[in-house]
$ cat input30.txt   # compact mmCIF, C-alpha atoms
# COMPACT_ATOMS: atom_id res chain seq x y z
CA MET A 21 125.03 121.40 121.32
CA LEU A 22 122.01 123.38 122.50
CA ARG A 23 119.92 121.77 119.79
CA ASP A 24 120.87 118.27 121.03
CA LEU A 25 119.99 119.23 124.58
CA VAL A 26 116.56 120.55 123.56
CA PHE A 27 115.94 117.46 121.40
CA ALA A 28 116.87 115.03 124.21
CA SER A 29 114.86 116.86 126.86
CA LEU A 30 111.82 116.99 124.56
CA LEU A 31 112.05 113.21 124.12
CA VAL A 32 112.28 112.68 127.88
CA ILE A 33 109.29 114.97 128.53
CA ILE A 34 107.15 113.15 125.93
CA ILE A 35 108.07 109.74 127.37
CA LEU A 36 107.30 110.86 130.92
CA ALA A 37 103.96 112.39 129.86
CA LEU A 38 102.91 109.23 127.99
CA THR A 39 103.99 107.05 130.91
CA TYR A 40 102.00 109.18 133.35
CA LEU A 41 98.88 109.05 131.15
CA THR A 42 99.09 105.29 130.64
CA TYR A 43 99.91 104.58 134.29
CA SER A 44 97.05 106.70 135.58
CA GLY A 45 94.56 104.78 133.45
CA GLY A 46 94.31 106.81 130.24
CA LEU A 47 93.94 103.65 128.19
CA GLY A 48 91.64 101.94 130.69
CA ASP A 49 92.59 98.72 132.44
CA LEU A 50 95.83 97.21 131.11
CA PRO A 51 95.51 94.41 130.22
CA PRO A 52 91.75 94.76 129.59
CA ARG A 53 89.65 92.47 131.80
CA ASP A 54 86.94 91.74 129.23
CA VAL A 55 86.58 91.03 125.51
CA ARG A 56 84.58 93.60 123.53
CA VAL A 57 81.22 92.48 122.12
CA ILE A 58 82.30 92.67 118.47
CA ALA A 59 85.46 90.67 119.19
CA SER A 60 83.63 87.98 121.13
CA ASN A 61 81.07 87.70 118.29
CA TYR A 62 83.81 87.02 115.75
CA LEU A 63 85.60 84.61 118.09
CA ASN A 64 82.36 82.73 118.75
CA LEU A 65 81.34 82.48 115.10
CA THR A 66 84.49 81.88 113.06
CA TYR A 67 84.71 78.12 113.63
CA ASN A 68 81.39 77.38 115.31
CA GLN A 69 80.17 74.10 113.81
CA GLY A 70 76.77 74.56 115.45
CA ILE A 71 76.07 77.79 113.53
CA THR A 72 77.38 76.92 110.07
CA TRP A 73 75.26 79.62 108.38
CA LEU A 74 77.43 82.31 110.01
CA TRP A 75 80.84 80.63 110.20
CA ALA A 76 83.95 81.09 108.04
CA ALA A 77 85.16 77.47 108.42
CA SER A 78 88.54 78.79 109.59
CA PRO A 79 89.96 78.39 113.12
CA GLU A 80 92.07 81.55 112.55
CA ALA A 81 89.78 84.47 113.38
CA VAL A 82 92.12 87.14 111.96
CA THR A 83 92.25 85.58 108.49
CA ALA A 84 88.49 84.99 108.63
CA ILE A 85 87.90 88.69 109.33
CA VAL A 86 90.47 89.86 106.77
CA TRP A 87 89.28 87.75 103.83
CA ASP A 88 85.70 86.80 104.68
CA TYR A 89 83.81 89.05 107.11
CA ARG A 90 85.66 92.18 105.95
CA GLY A 91 86.81 90.85 102.57
CA LEU A 92 85.86 93.89 100.52
CA ASP A 93 88.06 96.16 102.67
CA THR A 94 91.02 93.86 102.03
CA LEU A 95 90.31 93.84 98.30
CA PHE A 96 90.61 97.64 98.15
CA GLU A 97 93.76 97.49 100.30
CA THR A 98 95.19 95.04 97.76
CA VAL A 99 94.26 97.40 94.93
CA VAL A 100 96.18 100.24 96.61
CA PHE A 101 99.27 98.07 97.03
CA TYR A 102 99.23 96.94 93.39
CA GLY A 103 98.63 100.50 92.25
CA ALA A 104 101.88 101.48 93.96
CA ILE A 105 103.81 98.62 92.33
CA LEU A 106 102.21 99.40 88.97
CA ALA A 107 103.34 103.02 89.27
CA ALA A 108 106.94 101.93 89.93
CA LEU A 109 106.86 99.54 86.97
CA THR A 110 105.39 102.20 84.66
CA LEU A 111 107.99 104.77 85.71
CA PHE A 112 110.82 102.42 84.72
CA ARG A 113 109.00 100.59 81.93
CA SER A 114 111.83 100.62 79.40
CA VAL A 115 114.40 99.32 81.93
CA SER A 116 112.81 95.91 81.59
CA LYS A 117 113.17 95.89 77.80
CA VAL A 118 116.91 96.64 77.74
CA PRO A 119 118.76 93.31 78.03
CA GLU A 120 121.42 93.93 80.64
CA PHE A 121 124.87 92.47 80.29
CA VAL A 122 126.22 92.13 83.77
CA SER A 123 129.51 90.41 84.44
CA SER A 124 129.02 90.30 88.21
CA ALA A 125 130.21 87.01 89.64
CA GLY A 126 128.57 87.61 92.99
CA LEU A 127 130.18 87.18 96.39
CA SER A 128 132.54 84.43 97.60
CA LEU A 129 131.82 80.69 97.59
CA VAL A 130 131.23 80.51 101.37
CA VAL A 131 128.60 83.25 101.26
CA LYS A 132 126.96 81.61 98.26
CA ARG A 133 126.63 78.19 99.93
CA VAL A 134 125.24 79.66 103.17
CA THR A 135 122.78 81.82 101.18
CA ALA A 136 121.61 78.80 99.19
CA ILE A 137 120.67 76.96 102.41
CA VAL A 138 119.07 80.03 104.00
CA THR A 139 117.07 80.72 100.83
CA LEU A 140 115.49 77.26 100.98
CA ALA A 141 114.55 77.82 104.63
CA ILE A 142 113.04 81.24 103.84
CA LEU A 143 110.92 79.81 101.03
CA ALA A 144 109.72 76.94 103.25
CA VAL A 145 108.71 79.34 106.03
CA ALA A 146 106.98 81.62 103.51
CA ALA A 147 105.02 78.76 101.95
CA SER A 148 103.90 77.42 105.33
CA THR A 149 102.91 80.92 106.50
CA ALA A 150 100.80 81.50 103.40
CA LEU A 151 99.27 78.04 102.89
CA HIS A 152 98.48 77.57 106.61
CA GLY A 153 97.14 81.13 106.84
CA HIS A 154 93.66 79.82 107.65
CA LEU A 155 94.99 77.59 110.48
CA THR A 156 97.85 79.51 112.14
CA PRO A 157 98.79 83.21 112.32
CA GLY A 158 99.89 84.52 108.97
CA GLY A 159 98.41 84.78 105.53
CA GLY A 160 99.03 85.66 101.92
CA PHE A 161 100.62 89.08 102.42
CA GLN A 162 102.85 87.91 105.26
CA GLY A 163 103.99 84.85 103.29
CA GLY A 164 104.60 86.94 100.17
CA ALA A 165 106.67 89.51 102.08
CA ILE A 166 108.80 86.74 103.62
CA ALA A 167 109.21 84.97 100.26
CA SER A 168 110.34 88.16 98.51
CA VAL A 169 113.38 88.32 100.80
CA ALA A 170 114.71 85.14 99.10
CA PRO A 171 115.09 86.56 95.52
CA LEU A 172 116.48 89.73 97.13
CA LEU A 173 119.27 87.74 98.81
CA LEU A 174 119.91 85.81 95.58
CA LEU A 175 120.14 89.04 93.57
CA VAL A 176 122.70 90.52 95.95
CA VAL A 177 124.80 87.41 96.63
CA PHE A 178 124.71 85.61 93.26
CA GLY A 179 124.43 88.70 91.05
CA LYS A 180 121.81 89.51 88.47
CA GLN A 181 123.45 87.14 85.99
CA PHE A 182 122.15 84.21 88.07
CA PHE A 183 118.56 85.21 87.30
CA ILE A 184 119.25 85.84 83.60
CA GLU A 185 120.88 82.42 83.18
CA ARG A 186 117.91 80.68 84.79
CA ARG A 187 115.49 82.56 82.54
CA ILE A 188 113.61 84.15 85.46
CA SER A 189 112.64 87.10 83.31
CA TYR A 190 110.70 90.30 83.89
CA SER A 191 107.82 89.21 81.65
CA LYS A 192 107.44 85.84 83.40
CA LEU A 193 107.25 87.51 86.82
CA LEU A 194 104.78 90.04 85.45
CA THR A 195 102.65 87.20 84.05
CA ILE A 196 102.61 85.41 87.42
CA ARG A 197 101.63 88.64 89.17
CA ASN A 198 98.84 89.47 86.71
CA ALA A 199 97.48 85.93 86.62
CA SER A 200 97.34 85.69 90.42
CA LEU A 201 95.61 89.07 90.63
CA ALA A 202 93.03 87.96 88.06
CA LEU A 203 92.48 84.68 89.92
CA LEU A 204 92.14 86.62 93.20
CA GLY A 205 89.39 88.67 91.63
CA PHE A 206 87.79 85.56 90.17
CA THR A 207 87.76 83.84 93.58
CA SER A 208 85.66 86.68 94.98
CA VAL A 209 82.96 86.35 92.29
CA ALA A 210 83.22 82.62 91.45
CA LEU A 211 80.17 81.61 93.51
CA LEU A 212 78.20 84.55 92.09
CA ILE A 213 78.89 83.33 88.54
CA LEU A 214 78.05 79.76 89.56
CA GLY A 215 74.80 81.10 91.05
CA PHE A 216 73.90 82.83 87.78
CA LEU A 217 74.58 79.66 85.79
CA THR A 218 72.68 77.28 88.09
CA GLY A 219 69.88 79.61 89.15
CA PHE A 220 70.80 79.69 92.83
CA GLN A 221 71.15 82.86 94.83
CA ALA A 222 74.69 83.94 95.76
CA TYR A 223 76.60 87.13 96.50
CA ILE A 224 80.04 88.69 96.05
CA PHE A 225 82.70 87.46 98.50
CA GLN A 226 80.56 84.49 99.54
CA ASN A 227 82.58 81.86 101.34
CA GLN A 228 80.31 79.46 103.20
CA ALA A 229 76.62 78.75 102.66
CA LYS A 230 74.22 81.23 104.29
CA THR A 231 70.50 80.90 104.99
CA VAL A 232 69.54 82.78 101.81
CA SER A 233 72.13 81.21 99.50
CA THR A 234 73.19 77.60 99.68
CA LEU A 235 76.29 77.75 97.47
CA SER A 236 79.55 77.21 99.34
CA TYR A 237 83.28 76.69 99.01
CA PRO A 238 84.40 73.34 100.49
CA PRO A 239 84.94 73.81 104.26
CA TYR A 240 87.28 70.81 104.53
CA LEU A 241 89.99 69.23 102.41
CA LEU A 242 90.18 65.56 103.44
CA ASP A 243 89.78 66.08 107.22
CA VAL A 244 91.70 69.37 107.51
CA PRO A 245 89.77 72.67 107.72
CA LEU A 246 90.24 74.49 104.39
CA GLY A 247 88.49 77.74 105.22
CA GLY A 248 86.73 77.72 101.84
CA SER A 249 87.77 80.74 99.81
CA LEU A 250 90.31 81.86 102.45
CA PHE A 251 92.84 79.28 101.25
CA PHE A 252 92.57 80.48 97.64
CA PHE A 253 92.75 84.15 98.60
CA ASN A 254 95.90 83.47 100.65
CA LEU A 255 97.50 81.45 97.85
CA PHE A 256 96.93 84.05 95.12
CA GLU A 257 97.85 86.97 97.38
CA PHE A 258 101.07 85.13 98.25
CA LEU A 259 102.02 84.68 94.58
CA ALA A 260 101.05 88.24 93.65
CA VAL A 261 102.93 89.89 96.53
CA ALA A 262 106.07 87.76 96.09
CA SER A 263 106.28 88.37 92.32
CA GLY A 264 105.36 92.05 92.66
CA PHE A 265 108.11 92.72 95.22
CA THR A 266 110.63 90.73 93.15
CA LEU A 267 109.80 92.83 90.07
CA VAL A 268 110.47 96.05 91.97
CA PHE A 269 113.75 94.67 93.36
CA THR A 270 115.05 93.64 89.93
CA ILE A 271 114.37 97.19 88.71
CA LEU A 272 115.92 98.86 91.77
CA LEU A 273 119.06 96.70 91.44
CA SER A 274 119.59 97.63 87.78
CA ARG A 275 122.68 99.57 86.80
CA ASP A 276 122.83 103.25 87.64
CA GLU A 277 123.22 104.39 84.02
CA THR A 278 120.10 102.50 82.92
CA LEU A 279 118.00 103.99 85.69
CA ARG A 280 119.33 107.50 85.16
CA LYS A 281 118.67 107.32 81.43
CA GLU A 282 115.04 106.49 82.19
CA LEU A 283 114.60 109.66 84.29
CA GLU A 284 116.34 111.98 81.80
CA GLY A 285 114.38 115.07 80.83
CA GLU A 286 112.29 114.89 84.00
CA GLU A 287 113.15 118.48 84.91
CA LEU A 288 111.64 119.67 81.60
CA GLY A 289 108.31 118.08 82.44
CA TYR A 290 108.09 115.00 80.24
CA MET B 17 105.32 89.58 144.07
CA MET B 18 105.49 90.00 140.32
CA ASP B 19 103.14 87.98 138.16
CA TYR B 20 103.72 87.24 134.49
CA VAL B 21 101.50 90.09 133.24
CA ASP B 22 103.73 92.60 135.02
CA LEU B 23 106.78 90.91 133.52
CA VAL B 24 105.30 91.17 130.00
CA PHE B 25 104.55 94.85 130.51
CA LEU B 26 108.06 95.41 131.94
CA ILE B 27 109.67 93.84 128.83
CA MET B 28 107.38 95.93 126.62
CA GLY B 29 108.43 99.07 128.49
CA ILE B 30 112.13 98.26 128.18
CA SER B 31 111.89 97.59 124.44
CA ALA B 32 109.81 100.74 123.94
CA LEU B 33 112.46 102.81 125.76
CA SER B 34 115.30 101.20 123.79
CA SER B 35 113.42 101.93 120.56
CA VAL B 36 113.41 105.63 121.53
CA LEU B 37 117.17 105.43 122.16
CA PHE B 38 117.82 103.86 118.75
CA THR B 39 115.56 106.37 117.02
CA PHE B 40 117.63 109.13 118.66
CA LEU B 41 120.85 107.48 117.40
CA THR B 42 119.36 107.10 113.90
CA VAL B 43 118.62 110.80 113.74
CA LYS B 44 121.96 111.86 115.26
CA THR B 45 124.50 109.68 113.43
CA LYS B 46 126.32 111.13 110.42
CA ASP B 47 127.17 107.70 108.94
CA LEU B 48 124.03 106.70 107.03
CA MET B 49 124.90 102.97 107.03
CA TYR B 50 124.90 103.04 110.84
CA ALA B 51 121.61 104.92 110.67
CA VAL B 52 120.07 102.04 108.67
CA VAL B 53 121.29 99.51 111.23
CA PHE B 54 120.02 101.58 114.20
CA SER B 55 116.67 101.97 112.49
CA SER B 56 116.42 98.20 111.97
CA VAL B 57 117.21 97.58 115.65
CA GLN B 58 114.40 99.99 116.54
CA SER B 59 112.09 97.95 114.28
CA VAL B 60 113.09 94.75 116.07
CA ALA B 61 112.12 96.35 119.39
CA TYR B 62 108.73 97.20 117.87
CA ALA B 63 108.35 93.62 116.57
CA LEU B 64 108.91 92.35 120.12
CA ILE B 65 106.21 94.70 121.42
CA TYR B 66 103.76 93.50 118.74
CA PHE B 67 104.52 89.91 119.71
CA LEU B 68 103.92 90.58 123.40
CA LEU B 69 100.65 92.36 122.54
CA LEU B 70 99.55 89.03 120.96
CA ALA B 71 99.59 90.22 117.32
CA PRO B 72 101.62 87.46 115.61
CA ASP B 73 100.05 88.28 112.22
CA ILE B 74 101.61 91.73 112.33
CA VAL B 75 104.95 90.39 113.60
CA LEU B 76 105.32 88.05 110.60
CA VAL B 77 105.02 90.83 108.04
CA TYR B 78 106.76 93.45 110.19
CA VAL B 79 109.95 91.41 110.62
CA ALA B 80 110.20 90.62 106.89
CA VAL B 81 109.63 94.23 105.85
CA SER B 82 111.61 96.03 108.57
CA VAL B 83 114.68 93.77 108.65
CA GLY B 84 114.75 92.58 105.02
CA ILE B 85 113.09 94.89 102.54
CA TYR B 86 113.31 98.33 104.19
CA PRO B 87 117.09 98.27 104.90
CA LEU B 88 117.76 97.14 101.33
CA ILE B 89 115.83 100.01 99.79
CA VAL B 90 117.47 102.53 102.11
CA ILE B 91 120.94 101.05 101.46
CA LEU B 92 120.32 101.40 97.71
CA LEU B 93 119.44 105.03 98.36
CA VAL B 94 122.57 105.54 100.50
CA LYS B 95 124.66 104.05 97.68
CA LYS B 96 123.35 106.75 95.36
CA VAL B 97 123.63 109.78 97.69
CA GLY B 98 126.87 108.94 99.51
CA ARG B 99 127.55 107.34 102.88
CA TYR B 100 128.36 110.34 105.05
CA GLU B 101 126.04 113.17 105.85
CA VAL B 102 127.78 116.48 105.09
CA VAL B 103 127.09 119.33 107.50
CA THR B 104 127.02 122.69 105.76
$ encode --input "input30.txt" --output "structure tokens"
Amino acid sequence: MLRDLVFASLLVIIILALTYLTYSGGLGDLPPRDVRVIASNYLNLTYNQGITWLWAASPEAVTAIVWDYRGLDTLFETVVFYGAILAALTLFRSVSKVPEFVSSAGLSLVVKRVTAIVTLAILAVAASTALHGHLTPGGGFQGGAIASVAPLLLLVVFGKQFFIERRISYSKLLTIRNASLALLGFTSVALLILGFLTGFQAYIFQNQAKTVSTLSYPPYLLDVPLGGSLFFFNLFEFLAVASGFTLVFTILLSRDETLRKELEGEELGY
Amino acid sequence: MMDYVDLVFLIMGISALSSVLFTFLTVKTKDLMYAVVFSSVQSVAYALIYFLLLAPDIVLVYVAVSVGIYPLIVILLVKKVGRYEVVT
């Protein structure tokens, strides 16, 4: 009882202190009255058709910063994320090789029908989030995270048998993930390779033509802004994230005995 | 007279306070399934704050992770360790 009282009063004190600090101007003017210089530079340049040697050809400044102006940072972030997934897959590597015989029939017919409709909606939202990432808020990672909820629902509601019958196998998902990662890497150096072959100057993570290098991804598709490499980065990130998450879910939803067998002998150090 | 900026900050304050309440409930409850639900509600409050702070990019990924993926992983964990927290 005393513990609860101390816990609750600590919470109240922290809230009051933070409120006092914020209210008395600890964070400056809220909301801020001006835009910082660096922010206004990005906002002015990202879709400025008068200064095409500094633009990203994308009306969405966040995606332009994430995949063009600060593209290398995002690449390393992506590497960390795939390292984590790779570690999970390596830890349970033999789970994927054991063919599982599951007799689960899933949940009732009503739940199945509703889930089927919802799954379609989820996939549509995910695709539009990822493929319009250079036009509206969103992007590859967001779209991939939304899309991975769909196979998760299917696994729970229809049972794992549903996936096995439709031949959505571990190795296929792994192939999609690896291929999209390789293509993501290729997109970042494609113009550099093209520059080597044609004798033009180009650099890593080049999107639009600059003053020193004239090579460029197409800024428009028909009459819609394409954002050059941003579209391809979003597309491949979307595929890689969705298949990576799905892989981890299929492993996590395996039978208890299979998972436990994999971790046997851990306490002895091997 | 209250203009819309004050209203936005008021809603942000209310959802921030309710997130503290749900965090408290998450820590206190002995039924771990309820703890997962409380924790998700807290995440929804955070998603609303992100939206009001004009960060729709974060909201899109935050909602999918905090309401879809995170509860699933924790529920799988709860399935393995048992639903009720035992006080010793």
$ axis_aligned_box --input "input30.txt" --around "stretch 77-91 of chain B" --padding-each-side "6 Å" --output "lines of an AutoDock Vina configuration file"
center_x = 113.0
center_y = 96.6
center_z = 105.2
size_x = 27.9
size_y = 23.9
size_z = 22.8
$ residues_around --input "input30.txt" --residues "A:Ala170" --least-positions-apart "4" --cutoff "8 Å" --atoms "all atoms listed in the file" --output "list in words"
Thr139, Ile142, Leu143, Ile166 and Leu174 of chain A
$ interface_residues --input "input30.txt" --of "chain A" --to "chain B" --cutoff "9 Å" --atoms "all atoms listed in the file" --output "ChimeraX atom specification"
/A:24,27-28,31,35,51,82,149,157-159,161-169,172,269,272-273,276
$ write_last_selection --input "input30.txt" --atoms "C-alpha atoms" --output "PDB file, in the frame of the given file"
ATOM      1  CA  ASP A  24     120.870 118.270 121.030  1.00  0.00           C
ATOM      2  CA  PHE A  27     115.940 117.460 121.400  1.00  0.00           C
ATOM      3  CA  ALA A  28     116.870 115.030 124.210  1.00  0.00           C
ATOM      4  CA  LEU A  31     112.050 113.210 124.120  1.00  0.00           C
ATOM      5  CA  ILE A  35     108.070 109.740 127.370  1.00  0.00           C
ATOM      6  CA  PRO A  51      95.510  94.410 130.220  1.00  0.00           C
ATOM      7  CA  VAL A  82      92.120  87.140 111.960  1.00  0.00           C
ATOM      8  CA  THR A 149     102.910  80.920 106.500  1.00  0.00           C
ATOM      9  CA  PRO A 157      98.790  83.210 112.320  1.00  0.00           C
ATOM     10  CA  GLY A 158      99.890  84.520 108.970  1.00  0.00           C
ATOM     11  CA  GLY A 159      98.410  84.780 105.530  1.00  0.00           C
ATOM     12  CA  PHE A 161     100.620  89.080 102.420  1.00  0.00           C
ATOM     13  CA  GLN A 162     102.850  87.910 105.260  1.00  0.00           C
ATOM     14  CA  GLY A 163     103.990  84.850 103.290  1.00  0.00           C
ATOM     15  CA  GLY A 164     104.600  86.940 100.170  1.00  0.00           C
ATOM     16  CA  ALA A 165     106.670  89.510 102.080  1.00  0.00           C
ATOM     17  CA  ILE A 166     108.800  86.740 103.620  1.00  0.00           C
ATOM     18  CA  ALA A 167     109.210  84.970 100.260  1.00  0.00           C
ATOM     19  CA  SER A 168     110.340  88.160  98.510  1.00  0.00           C
ATOM     20  CA  VAL A 169     113.380  88.320 100.800  1.00  0.00           C
ATOM     21  CA  LEU A 172     116.480  89.730  97.130  1.00  0.00           C
ATOM     22  CA  PHE A 269     113.750  94.670  93.360  1.00  0.00           C
ATOM     23  CA  LEU A 272     115.920  98.860  91.770  1.00  0.00           C
ATOM     24  CA  LEU A 273     119.060  96.700  91.440  1.00  0.00           C
ATOM     25  CA  ASP A 276     122.830 103.250  87.640  1.00  0.00           C
TER      26      ASP A 276
END
$ atom_distance --input "input30.txt" --atom1 "atom CA of A:Phe258" --atom2 "atom CA of A:Thr270"
18.4 Å
$ residues_around --input "input30.txt" --residues "A:Phe206" --least-positions-apart "6" --cutoff "10 Å" --atoms "all atoms listed in the file" --output "short mmCIF file (atom, residue, chain, number, x, y, z; two decimals) with C-alpha atoms, in the frame of the given file"
data_model
loop_
_atom_site.label_atom_id
_atom_site.label_comp_id
_atom_site.auth_asym_id
_atom_site.auth_seq_id
_atom_site.Cartn_x
_atom_site.Cartn_y
_atom_site.Cartn_z
CA SER A 200 97.34 85.69 90.42
CA LEU A 212 78.20 84.55 92.09
CA ILE A 213 78.89 83.33 88.54
CA PHE A 225 82.70 87.46 98.50
CA PHE A 253 92.75 84.15 98.60
#
$ atom_distance --input "input30.txt" --atom1 "atom CA of A:Ala229" --atom2 "atom CA of A:Thr72"
7.7 Å
$ atom_distance --input "input30.txt" --atom1 "atom CA of A:Ala260" --atom2 "atom CA of A:Leu235"
27.2 Å
$ residues_around --input "input30.txt" --residues "B:Leu41" --least-positions-apart "4" --cutoff "10 Å" --atoms "all atoms listed in the file" --output "list of chain:residue names"
B:Ser35, B:Val36, B:Leu37, B:Thr45, B:Lys46, B:Tyr50, B:Ala51, B:Phe54, B:Ser55, B:Gln58
$ residues_around --input "input30.txt" --residues "A:Lys230" --least-positions-apart "2" --cutoff "7 Å" --atoms "only C-alpha atoms" --output "PDB file with C-alpha atoms, in the coordinates of the input"
ATOM      1  CA  TRP A  73      75.260  79.620 108.380  1.00  0.00           C
ATOM      2  CA  LEU A  74      77.430  82.310 110.010  1.00  0.00           C
ATOM      3  CA  GLN A 228      80.310  79.460 103.200  1.00  0.00           C
ATOM      4  CA  VAL A 232      69.540  82.780 101.810  1.00  0.00           C
ATOM      5  CA  SER A 233      72.130  81.210  99.500  1.00  0.00           C
ATOM      6  CA  THR A 234      73.190  77.600  99.680  1.00  0.00           C
TER       7      THR A 234
END
$ residues_near_point --input "input30.txt" --point "(85.7, 89.9, 106.6)" --cutoff "12 Å" --atoms "only C-alpha atoms" --output "PyMOL selection string"
chain A and resi 62+66+74-76+78+81-95+225-227+249-250
$ write_last_selection --input "input30.txt" --atoms "C-alpha atoms" --output "mmCIF file, in the frame of the given file"
data_model
loop_
_atom_site.group_PDB
_atom_site.id
_atom_site.type_symbol
_atom_site.label_atom_id
_atom_site.label_comp_id
_atom_site.auth_asym_id
_atom_site.auth_seq_id
_atom_site.Cartn_x
_atom_site.Cartn_y
_atom_site.Cartn_z
ATOM 1 C CA TYR A 62 83.810 87.020 115.750
ATOM 2 C CA THR A 66 84.490 81.880 113.060
ATOM 3 C CA LEU A 74 77.430 82.310 110.010
ATOM 4 C CA TRP A 75 80.840 80.630 110.200
ATOM 5 C CA ALA A 76 83.950 81.090 108.040
ATOM 6 C CA SER A 78 88.540 78.790 109.590
ATOM 7 C CA ALA A 81 89.780 84.470 113.380
ATOM 8 C CA VAL A 82 92.120 87.140 111.960
ATOM 9 C CA THR A 83 92.250 85.580 108.490
ATOM 10 C CA ALA A 84 88.490 84.990 108.630
ATOM 11 C CA ILE A 85 87.900 88.690 109.330
ATOM 12 C CA VAL A 86 90.470 89.860 106.770
ATOM 13 C CA TRP A 87 89.280 87.750 103.830
ATOM 14 C CA ASP A 88 85.700 86.800 104.680
ATOM 15 C CA TYR A 89 83.810 89.050 107.110
ATOM 16 C CA ARG A 90 85.660 92.180 105.950
ATOM 17 C CA GLY A 91 86.810 90.850 102.570
ATOM 18 C CA LEU A 92 85.860 93.890 100.520
ATOM 19 C CA ASP A 93 88.060 96.160 102.670
ATOM 20 C CA THR A 94 91.020 93.860 102.030
ATOM 21 C CA LEU A 95 90.310 93.840 98.300
ATOM 22 C CA PHE A 225 82.700 87.460 98.500
ATOM 23 C CA GLN A 226 80.560 84.490 99.540
ATOM 24 C CA ASN A 227 82.580 81.860 101.340
ATOM 25 C CA SER A 249 87.770 80.740 99.810
ATOM 26 C CA LEU A 250 90.310 81.860 102.450
#
$ decode --input "input30.txt" --residues "stretch 97-110 of chain A" --atoms "N, CA and C atoms" --output "JSON list (two decimals), in the first residue's frame"
[["chain", "number", "residue", "atom", "x", "y", "z"],
["A", 97, "GLU", "N", 20.61, 2.78, -40.90],
["A", 97, "GLU", "CA", 19.45, 2.43, -40.08],
["A", 97, "GLU", "C", 18.83, 1.13, -40.59],
["A", 98, "THR", "N", 18.70, 1.03, -41.92],
["A", 98, "THR", "CA", 18.16, -0.17, -42.54],
["A", 98, "THR", "C", 19.03, -1.38, -42.23],
["A", 99, "VAL", "N", 20.34, -1.18, -42.25],
["A", 99, "VAL", "CA", 21.27, -2.28, -41.97],
["A", 99, "VAL", "C", 21.06, -2.79, -40.54],
["A", 100, "VAL", "N", 20.86, -1.86, -39.59],
["A", 100, "VAL", "CA", 20.64, -2.27, -38.20],
["A", 100, "VAL", "C", 19.37, -3.11, -38.09],
["A", 101, "PHE", "N", 18.30, -2.65, -38.74],
["A", 101, "PHE", "CA", 17.03, -3.36, -38.68],
["A", 101, "PHE", "C", 17.16, -4.77, -39.26],
["A", 102, "TYR", "N", 17.85, -4.91, -40.40],
["A", 102, "TYR", "CA", 17.98, -6.23, -41.00],
["A", 102, "TYR", "C", 18.95, -7.09, -40.24],
["A", 103, "GLY", "N", 19.90, -6.48, -39.54],
["A", 103, "GLY", "CA", 20.77, -7.25, -38.65],
["A", 103, "GLY", "C", 19.94, -7.92, -37.57],
["A", 104, "ALA", "N", 18.98, -7.16, -37.00],
["A", 104, "ALA", "CA", 18.15, -7.73, -35.94],
["A", 104, "ALA", "C", 17.33, -8.90, -36.46],
["A", 105, "ILE", "N", 16.72, -8.72, -37.65],
["A", 105, "ILE", "CA", 15.90, -9.80, -38.22],
["A", 105, "ILE", "C", 16.78, -11.00, -38.55],
["A", 106, "LEU", "N", 17.97, -10.73, -39.07],
["A", 106, "LEU", "CA", 18.89, -11.80, -39.43],
["A", 106, "LEU", "C", 19.27, -12.60, -38.19],
["A", 107, "ALA", "N", 19.48, -11.90, -37.06],
["A", 107, "ALA", "CA", 19.83, -12.59, -35.82],
["A", 107, "ALA", "C", 18.71, -13.52, -35.39],
["A", 108, "ALA", "N", 17.45, -13.05, -35.48],
["A", 108, "ALA", "CA", 16.31, -13.89, -35.10],
["A", 108, "ALA", "C", 16.23, -15.11, -36.01],
["A", 109, "LEU", "N", 16.44, -14.91, -37.30],
["A", 109, "LEU", "CA", 16.35, -16.02, -38.25],
["A", 109, "LEU", "C", 17.47, -17.03, -38.01],
["A", 110, "THR", "N", 18.66, -16.54, -37.67],
["A", 110, "THR", "CA", 19.79, -17.44, -37.44],
["A", 110, "THR", "C", 19.57, -18.27, -36.18]]
